[in-house]
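Presented below is the structure to which this report refers.
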Amino acid sequence: MSIIGPQAQAQVAVPPRVRPLEGGSRLEWVLMHLAFLVVTVFFLAPFVWLFTAAFDAQSQAYIRWPAQPTFGNFVAIFERYAFATALGNSVFVAVSTMLLTVVVVSLAGYSLSRIELRQKTWITYAILLLQTMPLSATMVPIYGLARELGLRNSYLGLILVHSAIELPFLVWLMKGFFDSVPRHLEEASWLDGRGKFRALFEIVLPVARPGIAVAAGLSFLSAWAEVLMVLILVDQQAMKTIPLAFYETFRTAGGYTEVQYGLVAAMGVLYVLPVMAVFFATRRLMVRGLMGSTRGL
Amino acid sequence: MGKVEYDDVWKQFATRDAPAVRGLTLDIADGEFLVLLGPSGCGKTTALRMLAGLEHPDRGDIRIDGRSVIGLEPKDRDVALVFQSYALYPHMSVRDNIEYPLRVHHLAAEERLRKVERVAELLRIRHLLPRRPAQLSGGEQQRVALARAIVREPRVFLMDEPLSNLDAKLRTHTRTELKALQRQLGVTTIFVTHDQAEAMTMADRIAVLDAGQLQQLGTADTVYQRPANLFVAQFIGSPPMNIVDATRDRDVLVLAGGWRVDAPRGLDGRAGLKVGLRPEAIELDLAAVSGAQPAEVLVSEPLGSEVIVNVMLGDSLLKVRTAPEVRPDPGTRVYLKTQPESVRVFDASSGAALN
């Protein structure tokens, strides 16, 4: 009997749940969702503006529903502002940068992961040190170097410089990925009769695929978004990439006094869409890569 | 064919003070099942990896079928290695994993198919062929790893603790199967393990290693009955051999606690001795017998088919194996006897066996 007493009391003491919410009052629930809302609006607002303004014949610097929805802005940027050239240049430069970067960081990362070198620690620190250098500090030497080597206004110049920007970080990233690929896998391949180079391509790289996806994604994004080096390296209209076209349209399309927001927004839409498409196509691989996992392939 | 010779092989890693392998000399006959046995860090895996070409010896020669393989890349040695982690290629199906070495060696598609089917049949993994390694249990992965090694028909199989990731029951079962499979295939096999029971049950011969040095090479019976030194005596056997300090009084050895046993014949007269007695070499009586040594029971450990009785002899603890019905209570006085031929005598300073 004495056991039943306290139990019964305890049951009474627990108040009935008002709502099925894990540990929290109604006020907490409201505050939490309000916070979500504020953050979401803050981050999404620029994109909402981008997509509404791009289809607005008289777009303004604030968000409004297009009074007269139109494709006119898109037609205009292609017909009057040579956007196709900029788009083509951007795609070519970003894709080439991505390919070059992936090849270089895969080989460099694998080497740093596997080869026993006496000075390996110093080499890896030196690479990381390079990444800490502010890019703008190197503007003048890069300009001079590119001019002397005839790399200004050339695809090669843009590709090389864009590749170099993210290279140190991505070499580190890939070294980490290769460290997580068991050595036994490639050793098994050697014993199965493969030479070291082919074992790398047949066994190690496929297993490190999430890492390669991240390296590819980040190098593409970096080259796609890069403005500073394009400003330094390019002054011919035929060579300009989207960020440069974007910048010039913003400054000059309205005759230096006003801004043609519709044109800028249309360019912006076409600038972000490819990136979003790439992300959605590869999101699973990218997420796994960013979480540093090579398992479950 | 697959005759393997290690000839005074040395290996030192830059990251370690002592050499991993010191002067290993070992001849392994064609078709033999040799187990490299020793505690972790004894150099057994290094010895195996040097034969595979994954490590390079600093000195000495390694030969397969009389020809040195020192300068050869792993791919040119024609040996197959089953890794402790199995090292299955995670991005390939089981079928592709097994087929991989055949593809590398440019076998025709038809022949590849035939060989993969045959080895899958042999290891009873046909139903697993379309799956990925991540979808397999540990035991299944282990079979696939074996299949990948077998399908190539290499000169030598190397196995680096392939059973250690299996649970105890499956390990015992696989042990038997693996031994039968090796008999059937007749391929020279070098098997690395730290598990002495695994070594005893599977090996034609066991090479016991410690601190990079070969301690003894012999059949399971030899290393168990006639250990070459104190290390082997204490590493092999469960429970291990009892080791007690002893002095010599003419034809009698005086053990700790004053137990006098007849010295084995032909023993050199020496001081500083240690006597080794297997737990089953000691006879335990509950009643006083003439010439038997009295001792006190500390605890009895029943194991079902046998009992390990722990007795105190002076300051030394002796483990005695008895029949299941003999399980004296703690504190009981018991009487110990042994036969001179089961007494092993070791030099206390060098550890070497003297008889």
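In the structure tokens, chains take the letters A, B, ... in the order shown, each chain's residues start at 1, and ligands count up from 1 in the order shown.
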| message | Show me, as number ranges by chain, the residues that have an atom within 10 Å of stretch 89-102 of chain B when counting only C-alpha atoms, minus same-chain residues fewer than 5 positions from it. | response | A: 184-186, 188-194, 202-204, 206-207, 209, 294-297; B: 80, 107-109, 111-113, 115-117, 119-120, 125-136, 141, 144-152
Would you save the residues of that selection, restricted to N, CA and C atoms, as a short mmCIF file (atom, residue, chain, number, x, y, z; two decimals), in the first residue's frame?
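See result.cif below for the written result:
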```cif
data_model
loop_
_atom_site.label_atom_id
_atom_site.label_comp_id
_atom_site.auth_asym_id
_atom_site.auth_seq_id
_atom_site.Cartn_x
_atom_site.Cartn_y
_atom_site.Cartn_z
N HIS A 184 44.97 0.11 -47.49
CA HIS A 184 44.82 -1.29 -47.88
C HIS A 184 44.13 -1.43 -49.23
N LEU A 185 43.25 -0.48 -49.55
CA LEU A 185 42.53 -0.58 -50.82
C LEU A 185 43.49 -0.53 -52.00
N GLU A 186 44.39 0.47 -51.99
CA GLU A 186 45.30 0.54 -53.14
C GLU A 186 46.34 -0.58 -53.09
N ALA A 188 45.76 -3.56 -52.03
CA ALA A 188 45.07 -4.73 -52.58
C ALA A 188 45.10 -4.66 -54.11
N SER A 189 44.91 -3.48 -54.65
CA SER A 189 44.91 -3.31 -56.10
C SER A 189 46.29 -3.61 -56.69
N TRP A 190 47.35 -3.15 -55.99
CA TRP A 190 48.71 -3.45 -56.48
C TRP A 190 48.93 -4.95 -56.51
N LEU A 191 48.51 -5.61 -55.42
CA LEU A 191 48.72 -7.06 -55.35
C LEU A 191 47.86 -7.80 -56.36
N ASP A 192 46.73 -7.19 -56.73
CA ASP A 192 45.90 -7.79 -57.77
C ASP A 192 46.53 -7.60 -59.14
N GLY A 193 47.63 -6.85 -59.19
CA GLY A 193 48.37 -6.75 -60.45
C GLY A 193 48.39 -5.37 -61.08
N ARG A 194 47.85 -4.37 -60.40
CA ARG A 194 47.83 -3.03 -60.97
C ARG A 194 49.07 -2.24 -60.58
N GLU A 202 41.66 3.78 -60.61
CA GLU A 202 40.59 2.78 -60.54
C GLU A 202 40.01 2.61 -59.15
N ILE A 203 40.84 2.80 -58.16
CA ILE A 203 40.39 2.48 -56.79
C ILE A 203 40.31 3.73 -55.92
N VAL A 204 41.39 4.48 -55.83
CA VAL A 204 41.43 5.56 -54.84
C VAL A 204 40.51 6.72 -55.23
N PRO A 206 37.84 6.89 -57.29
CA PRO A 206 36.40 6.63 -57.15
C PRO A 206 35.93 6.62 -55.69
N VAL A 207 36.78 6.12 -54.80
CA VAL A 207 36.38 6.08 -53.39
C VAL A 207 36.38 7.50 -52.81
N ARG A 209 35.46 10.07 -54.30
CA ARG A 209 34.58 10.86 -55.16
C ARG A 209 33.86 12.01 -54.43
N THR A 294 33.63 9.14 -46.80
CA THR A 294 33.80 8.39 -48.04
C THR A 294 33.09 7.05 -47.92
N ARG A 295 32.29 6.90 -46.86
CA ARG A 295 31.68 5.60 -46.64
C ARG A 295 30.40 5.43 -47.45
N GLY A 296 30.00 4.20 -47.55
CA GLY A 296 28.70 3.87 -48.11
C GLY A 296 28.57 4.13 -49.60
N LEU A 297 29.69 4.05 -50.33
CA LEU A 297 29.62 4.26 -51.76
C LEU A 297 29.01 3.07 -52.47
N ALA B 80 48.89 -13.27 -53.38
CA ALA B 80 47.62 -12.63 -53.03
C ALA B 80 47.58 -12.41 -51.54
N LEU B 107 42.29 -11.51 -68.75
CA LEU B 107 41.67 -12.78 -69.12
C LEU B 107 40.44 -12.50 -69.98
N ALA B 108 40.11 -13.43 -70.84
CA ALA B 108 38.93 -13.26 -71.69
C ALA B 108 37.68 -13.27 -70.82
N ALA B 109 36.66 -12.53 -71.29
CA ALA B 109 35.44 -12.35 -70.50
C ALA B 109 34.82 -13.68 -70.10
N GLU B 111 36.27 -16.62 -69.72
CA GLU B 111 37.05 -17.30 -68.71
C GLU B 111 36.90 -16.63 -67.34
N ARG B 112 36.82 -15.30 -67.38
CA ARG B 112 36.61 -14.56 -66.13
C ARG B 112 35.31 -15.01 -65.48
N LEU B 113 34.28 -15.06 -66.28
CA LEU B 113 32.95 -15.46 -65.77
C LEU B 113 33.02 -16.85 -65.15
N LYS B 115 35.61 -18.51 -63.99
CA LYS B 115 36.40 -18.57 -62.76
C LYS B 115 35.68 -17.93 -61.58
N VAL B 116 35.01 -16.80 -61.83
CA VAL B 116 34.29 -16.13 -60.75
C VAL B 116 33.18 -17.03 -60.24
N GLU B 117 32.45 -17.66 -61.17
CA GLU B 117 31.36 -18.55 -60.78
C GLU B 117 31.90 -19.71 -59.95
N VAL B 119 34.69 -19.97 -58.14
CA VAL B 119 35.18 -19.62 -56.80
C VAL B 119 34.01 -19.20 -55.90
N ALA B 120 33.00 -18.58 -56.50
CA ALA B 120 31.81 -18.19 -55.72
C ALA B 120 31.08 -19.44 -55.22
N ILE B 125 29.14 -18.12 -52.08
CA ILE B 125 28.75 -16.71 -52.03
C ILE B 125 28.10 -16.28 -53.34
N ARG B 126 27.58 -17.24 -54.11
CA ARG B 126 26.96 -16.88 -55.39
C ARG B 126 25.84 -15.86 -55.24
N HIS B 127 25.06 -16.03 -54.17
CA HIS B 127 23.93 -15.12 -53.97
C HIS B 127 24.38 -13.70 -53.63
N LEU B 128 25.65 -13.53 -53.27
CA LEU B 128 26.13 -12.20 -52.89
C LEU B 128 26.70 -11.42 -54.07
N LEU B 129 26.90 -12.10 -55.19
CA LEU B 129 27.63 -11.49 -56.31
C LEU B 129 27.12 -10.10 -56.73
N PRO B 130 25.79 -9.86 -56.79
CA PRO B 130 25.35 -8.53 -57.24
C PRO B 130 25.46 -7.45 -56.18
N ARG B 131 25.76 -7.81 -54.94
CA ARG B 131 25.72 -6.81 -53.87
C ARG B 131 26.99 -5.98 -53.79
N ARG B 132 26.88 -4.89 -53.02
CA ARG B 132 28.04 -4.07 -52.71
C ARG B 132 28.63 -4.52 -51.38
N PRO B 133 29.96 -4.34 -51.17
CA PRO B 133 30.57 -4.75 -49.91
C PRO B 133 29.88 -4.18 -48.68
N ALA B 134 29.40 -2.93 -48.77
CA ALA B 134 28.77 -2.31 -47.59
C ALA B 134 27.51 -3.03 -47.16
N GLN B 135 26.93 -3.83 -48.07
CA GLN B 135 25.69 -4.54 -47.74
C GLN B 135 25.96 -5.93 -47.14
N LEU B 136 27.23 -6.26 -46.93
CA LEU B 136 27.56 -7.61 -46.45
C LEU B 136 27.92 -7.59 -44.96
N GLN B 141 31.94 -10.53 -46.00
CA GLN B 141 33.04 -9.75 -46.57
C GLN B 141 34.33 -10.56 -46.56
N VAL B 144 34.35 -12.94 -49.40
CA VAL B 144 34.59 -12.27 -50.68
C VAL B 144 36.09 -11.97 -50.82
N ALA B 145 36.69 -11.50 -49.71
CA ALA B 145 38.13 -11.21 -49.75
C ALA B 145 38.92 -12.48 -50.07
N LEU B 146 38.50 -13.60 -49.49
CA LEU B 146 39.16 -14.88 -49.78
C LEU B 146 38.97 -15.25 -51.25
N ALA B 147 37.75 -15.05 -51.74
CA ALA B 147 37.45 -15.39 -53.13
C ALA B 147 38.33 -14.58 -54.08
N ARG B 148 38.51 -13.30 -53.77
CA ARG B 148 39.32 -12.45 -54.63
C ARG B 148 40.77 -12.93 -54.65
N ALA B 149 41.23 -13.47 -53.51
CA ALA B 149 42.59 -13.99 -53.46
C ALA B 149 42.70 -15.32 -54.20
N ILE B 150 41.70 -16.17 -54.03
CA ILE B 150 41.76 -17.52 -54.60
C ILE B 150 41.61 -17.51 -56.11
N VAL B 151 40.75 -16.61 -56.61
CA VAL B 151 40.38 -16.65 -58.03
C VAL B 151 41.59 -16.48 -58.94
N ARG B 152 42.63 -15.82 -58.41
CA ARG B 152 43.82 -15.57 -59.23
C ARG B 152 44.73 -16.75 -59.35
#
```
Could you give me, as a PDB file with N, CA and C atoms, in the first residue's frame, the residues within 9 Å of B:Val326, counting only C-alpha atoms and dropping anything in the same chain fewer than 4 positions from it?
```pdb
ATOM      1  N   LEU B 284      47.299 -33.848  -9.548  1.00  0.00           N
ATOM      2  CA  LEU B 284      46.797 -33.304  -8.285  1.00  0.00           C
ATOM      3  C   LEU B 284      46.029 -34.387  -7.542  1.00  0.00           C
ATOM      4  N   LEU B 286      43.997 -35.408  -3.815  1.00  0.00           N
ATOM      5  CA  LEU B 286      43.388 -34.837  -2.615  1.00  0.00           C
ATOM      6  C   LEU B 286      43.917 -35.524  -1.358  1.00  0.00           C
ATOM      7  N   GLU B 306      36.825 -29.285 -18.015  1.00  0.00           N
ATOM      8  CA  GLU B 306      38.000 -29.406 -17.148  1.00  0.00           C
ATOM      9  C   GLU B 306      37.908 -28.353 -16.058  1.00  0.00           C
ATOM     10  N   VAL B 307      38.803 -28.485 -15.072  1.00  0.00           N
ATOM     11  CA  VAL B 307      38.863 -27.479 -14.004  1.00  0.00           C
ATOM     12  C   VAL B 307      40.303 -27.010 -13.912  1.00  0.00           C
ATOM     13  N   VAL B 309      42.739 -25.627 -11.358  1.00  0.00           N
ATOM     14  CA  VAL B 309      42.888 -25.420  -9.922  1.00  0.00           C
ATOM     15  C   VAL B 309      44.135 -24.577  -9.700  1.00  0.00           C
ATOM     16  N   THR B 322      42.668 -30.243 -14.136  1.00  0.00           N
ATOM     17  CA  THR B 322      42.151 -31.493 -13.566  1.00  0.00           C
ATOM     18  C   THR B 322      40.843 -31.874 -14.249  1.00  0.00           C
TER      19      THR B 322
END
```
| message | Just the number, please: distance in Å from atom CA of A:Ala45 to atom CA of A:Pro243, one decimal. | response |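 For atom CA of A:Ala45 relative to atom CA of A:Pro243, the distance reads 20.6 Å.
Interatomic distance, atom CA of B:Phe83 to atom CA of B:Leu158: 8.5 Å.
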| task | Once DSSP has gone over the backbone, tell me which residues of stretch 143-271 of chain B are in helix (DSSP H, G or I), as a PyMOL selection string. | result | chain B and resi 143-150+168-185+196-202+220-225+230-235+256-258
Residues as selected, N, CA and C atoms, written as a compact mmCIF listing (two decimals), in the first residue's frame, can you do that?
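What landed in part_31.txt:
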```
# COMPACT_ATOMS: atom_id res chain seq x y z
N ARG B 143 34.63 -13.76 -46.77
CA ARG B 143 34.58 -14.77 -47.84
C ARG B 143 34.87 -14.14 -49.20
N VAL B 144 34.35 -12.94 -49.40
CA VAL B 144 34.59 -12.27 -50.68
C VAL B 144 36.09 -11.97 -50.82
N ALA B 145 36.69 -11.50 -49.71
CA ALA B 145 38.13 -11.21 -49.75
C ALA B 145 38.92 -12.48 -50.07
N LEU B 146 38.50 -13.60 -49.49
CA LEU B 146 39.16 -14.88 -49.78
C LEU B 146 38.97 -15.25 -51.25
N ALA B 147 37.75 -15.05 -51.74
CA ALA B 147 37.45 -15.39 -53.13
C ALA B 147 38.33 -14.58 -54.08
N ARG B 148 38.51 -13.30 -53.77
CA ARG B 148 39.32 -12.45 -54.63
C ARG B 148 40.77 -12.93 -54.65
N ALA B 149 41.23 -13.47 -53.51
CA ALA B 149 42.59 -13.99 -53.46
C ALA B 149 42.70 -15.32 -54.20
N ILE B 150 41.70 -16.17 -54.03
CA ILE B 150 41.76 -17.52 -54.60
C ILE B 150 41.61 -17.51 -56.11
N ALA B 168 33.48 -14.67 -32.16
CA ALA B 168 34.19 -15.88 -31.72
C ALA B 168 33.67 -17.16 -32.38
N LYS B 169 32.36 -17.27 -32.50
CA LYS B 169 31.78 -18.50 -33.03
C LYS B 169 32.13 -18.68 -34.51
N LEU B 170 31.94 -17.59 -35.24
CA LEU B 170 32.22 -17.63 -36.67
C LEU B 170 33.71 -17.85 -36.93
N ARG B 171 34.53 -17.30 -36.03
CA ARG B 171 35.98 -17.43 -36.18
C ARG B 171 36.41 -18.90 -36.10
N THR B 172 35.86 -19.60 -35.12
CA THR B 172 36.20 -21.02 -34.96
C THR B 172 35.76 -21.82 -36.18
N HIS B 173 34.57 -21.49 -36.67
CA HIS B 173 34.03 -22.18 -37.83
C HIS B 173 34.88 -21.92 -39.08
N THR B 174 35.21 -20.64 -39.29
CA THR B 174 35.97 -20.25 -40.49
C THR B 174 37.37 -20.83 -40.47
N ARG B 175 37.92 -20.94 -39.27
CA ARG B 175 39.24 -21.54 -39.07
C ARG B 175 39.29 -22.94 -39.70
N THR B 176 38.31 -23.73 -39.34
CA THR B 176 38.24 -25.10 -39.85
C THR B 176 38.09 -25.09 -41.37
N GLU B 177 37.19 -24.24 -41.85
CA GLU B 177 36.93 -24.17 -43.29
C GLU B 177 38.15 -23.75 -44.07
N LEU B 178 38.83 -22.75 -43.52
CA LEU B 178 40.00 -22.19 -44.21
C LEU B 178 41.10 -23.24 -44.33
N LYS B 179 41.27 -23.99 -43.25
CA LYS B 179 42.29 -25.04 -43.26
C LYS B 179 41.95 -26.10 -44.31
N ALA B 180 40.68 -26.49 -44.35
CA ALA B 180 40.25 -27.49 -45.33
C ALA B 180 40.43 -26.97 -46.75
N LEU B 181 40.11 -25.70 -46.93
CA LEU B 181 40.23 -25.07 -48.25
C LEU B 181 41.68 -25.04 -48.70
N GLN B 182 42.57 -24.74 -47.76
CA GLN B 182 43.99 -24.68 -48.10
C GLN B 182 44.51 -26.06 -48.50
N ARG B 183 44.06 -27.10 -47.79
CA ARG B 183 44.42 -28.48 -48.13
C ARG B 183 43.99 -28.80 -49.55
N GLN B 184 42.74 -28.39 -49.84
CA GLN B 184 42.13 -28.68 -51.13
C GLN B 184 42.89 -27.98 -52.27
N LEU B 185 43.26 -26.71 -52.04
CA LEU B 185 43.90 -25.94 -53.10
C LEU B 185 45.40 -26.22 -53.17
N GLN B 196 47.05 -17.75 -30.45
CA GLN B 196 47.79 -19.02 -30.46
C GLN B 196 46.88 -20.21 -30.76
N ALA B 197 45.59 -20.09 -30.38
CA ALA B 197 44.67 -21.20 -30.68
C ALA B 197 44.48 -21.33 -32.20
N GLU B 198 44.38 -20.17 -32.88
CA GLU B 198 44.26 -20.15 -34.33
C GLU B 198 45.49 -20.81 -34.96
N ALA B 199 46.66 -20.42 -34.44
CA ALA B 199 47.91 -20.96 -34.97
C ALA B 199 47.99 -22.47 -34.77
N MET B 200 47.67 -22.93 -33.56
CA MET B 200 47.79 -24.35 -33.25
C MET B 200 46.87 -25.19 -34.13
N THR B 201 45.64 -24.69 -34.36
CA THR B 201 44.67 -25.51 -35.08
C THR B 201 44.92 -25.53 -36.58
N MET B 202 45.51 -24.48 -37.14
CA MET B 202 45.58 -24.39 -38.59
C MET B 202 46.94 -24.74 -39.19
N ALA B 220 52.82 -27.53 -34.26
CA ALA B 220 52.07 -27.12 -33.07
C ALA B 220 52.50 -27.95 -31.87
N ASP B 221 52.69 -29.25 -32.07
CA ASP B 221 53.11 -30.12 -30.98
C ASP B 221 54.47 -29.72 -30.43
N THR B 222 55.41 -29.45 -31.33
CA THR B 222 56.76 -29.09 -30.90
C THR B 222 56.76 -27.81 -30.07
N VAL B 223 56.12 -26.76 -30.61
CA VAL B 223 56.18 -25.50 -29.87
C VAL B 223 55.42 -25.62 -28.56
N TYR B 224 54.44 -26.51 -28.49
CA TYR B 224 53.69 -26.66 -27.24
C TYR B 224 54.47 -27.52 -26.25
N GLN B 225 54.95 -28.67 -26.73
CA GLN B 225 55.62 -29.61 -25.83
C GLN B 225 57.06 -29.22 -25.52
N LEU B 230 61.67 -19.35 -22.78
CA LEU B 230 60.60 -18.94 -21.86
C LEU B 230 59.49 -18.17 -22.56
N PHE B 231 59.86 -17.35 -23.59
CA PHE B 231 58.83 -16.59 -24.28
C PHE B 231 57.81 -17.51 -24.93
N VAL B 232 58.31 -18.49 -25.68
CA VAL B 232 57.40 -19.42 -26.37
C VAL B 232 56.58 -20.19 -25.34
N ALA B 233 57.25 -20.61 -24.25
CA ALA B 233 56.56 -21.39 -23.21
C ALA B 233 55.37 -20.63 -22.66
N GLN B 234 55.55 -19.32 -22.48
CA GLN B 234 54.48 -18.54 -21.86
C GLN B 234 53.49 -17.98 -22.86
N PHE B 235 53.89 -17.92 -24.15
CA PHE B 235 52.97 -17.37 -25.16
C PHE B 235 52.00 -18.43 -25.65
N ALA B 256 60.49 -23.69 -6.07
CA ALA B 256 59.99 -22.78 -5.04
C ALA B 256 59.02 -23.54 -4.14
N GLY B 257 59.05 -23.23 -2.84
CA GLY B 257 58.17 -23.93 -1.91
C GLY B 257 58.74 -25.26 -1.47
N GLY B 258 59.96 -25.58 -1.98
CA GLY B 258 60.63 -26.80 -1.54
C GLY B 258 60.21 -28.06 -2.25
```
Might you pull out every residue within 10 Å of A:Glu166, with only C-alpha atoms counted and same-chain residues fewer than 5 positions away left off, and present them as a PDB file with N, CA and C atoms, in the first residue's frame?
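Dumped to out_37.pdb:
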```
ATOM      1  N   THR A 101      41.749  22.421 -61.652  1.00  0.00           N
ATOM      2  CA  THR A 101      41.897  22.348 -60.194  1.00  0.00           C
ATOM      3  C   THR A 101      41.728  20.913 -59.699  1.00  0.00           C
ATOM      4  N   VAL A 105      44.643  19.218 -57.618  1.00  0.00           N
ATOM      5  CA  VAL A 105      44.494  18.963 -56.182  1.00  0.00           C
ATOM      6  C   VAL A 105      44.373  17.470 -55.880  1.00  0.00           C
ATOM      7  N   LEU A 130      49.815  29.981 -47.534  1.00  0.00           N
ATOM      8  CA  LEU A 130      49.456  30.647 -48.787  1.00  0.00           C
ATOM      9  C   LEU A 130      47.976  31.020 -48.800  1.00  0.00           C
ATOM     10  N   GLN A 131      47.161  30.146 -48.213  1.00  0.00           N
ATOM     11  CA  GLN A 131      45.724  30.384 -48.240  1.00  0.00           C
ATOM     12  C   GLN A 131      45.335  31.583 -47.380  1.00  0.00           C
ATOM     13  N   VAL A 161      44.929  31.871 -62.953  1.00  0.00           N
ATOM     14  CA  VAL A 161      44.803  32.664 -61.726  1.00  0.00           C
ATOM     15  C   VAL A 161      43.628  32.173 -60.885  1.00  0.00           C
ATOM     16  N   VAL A 171      43.929  21.598 -51.835  1.00  0.00           N
ATOM     17  CA  VAL A 171      44.959  20.566 -51.663  1.00  0.00           C
ATOM     18  C   VAL A 171      44.857  19.987 -50.256  1.00  0.00           C
ATOM     19  N   ALA A 215      35.720  19.523 -54.188  1.00  0.00           N
ATOM     20  CA  ALA A 215      36.783  20.313 -54.824  1.00  0.00           C
ATOM     21  C   ALA A 215      36.281  20.911 -56.133  1.00  0.00           C
ATOM     22  N   LEU A 218      33.580  23.696 -55.284  1.00  0.00           N
ATOM     23  CA  LEU A 218      34.142  24.921 -54.716  1.00  0.00           C
ATOM     24  C   LEU A 218      34.987  25.676 -55.736  1.00  0.00           C
ATOM     25  N   SER A 219      35.752  24.948 -56.549  1.00  0.00           N
ATOM     26  CA  SER A 219      36.590  25.650 -57.527  1.00  0.00           C
ATOM     27  C   SER A 219      35.721  26.291 -58.608  1.00  0.00           C
ATOM     28  N   PHE A 220      34.634  25.608 -58.984  1.00  0.00           N
ATOM     29  CA  PHE A 220      33.723  26.191 -59.974  1.00  0.00           C
ATOM     30  C   PHE A 220      33.102  27.467 -59.415  1.00  0.00           C
ATOM     31  N   SER A 222      34.118  29.381 -57.003  1.00  0.00           N
ATOM     32  CA  SER A 222      35.107  30.429 -56.810  1.00  0.00           C
ATOM     33  C   SER A 222      35.393  31.142 -58.131  1.00  0.00           C
ATOM     34  N   ALA A 223      35.601  30.372 -59.200  1.00  0.00           N
ATOM     35  CA  ALA A 223      35.896  30.980 -60.499  1.00  0.00           C
ATOM     36  C   ALA A 223      34.672  31.717 -61.033  1.00  0.00           C
TER      37      ALA A 223
END
```
| DSSP-assigned strand (DSSP E or B) among stretch 37-159 of chain B, expressed as a list in words |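 Strand (DSSP E or B) assignments inside stretch 37-159 of chain B correspond to Leu37, Arg59, Gly60, Asp61, Ile62, Arg63, Ile64, Arg67, Ser68, Val79, Ala80, Leu81, Val82, Val156, Phe157, Leu158 and Met159 of chain B.
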| task | State, in Å with one decimal place, the distance from atom CA of B:Gly60 to atom CA of B:Gly23. | result |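 Interatomic distance, atom CA of B:Gly60 to atom CA of B:Gly23: 7.7 Å.
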| query | For chain B, which residue out of A:Leu244, A:Leu151, A:Leu117, A:Met229 is the nearest one, using only C-alpha atoms? | reply |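 Under the stated criterion, the closest residue is A:Leu117.
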| query | Do you know which residues are at most 7 Å from A:Phe55 counting only C-alpha atoms, after dropping those on the same chain fewer than 2 positions away, and could you put them as number ranges by chain? | reply | A: 51-53, 57, 66, 69-71, 73
| Close residues, stretch 263-270 of chain A itself excluded, 7 Å, only C-alpha atoms, min 6 positions apart in chain, as a ChimeraX atom specification | /A:50-51,53-54,73-74,77,246,249-250
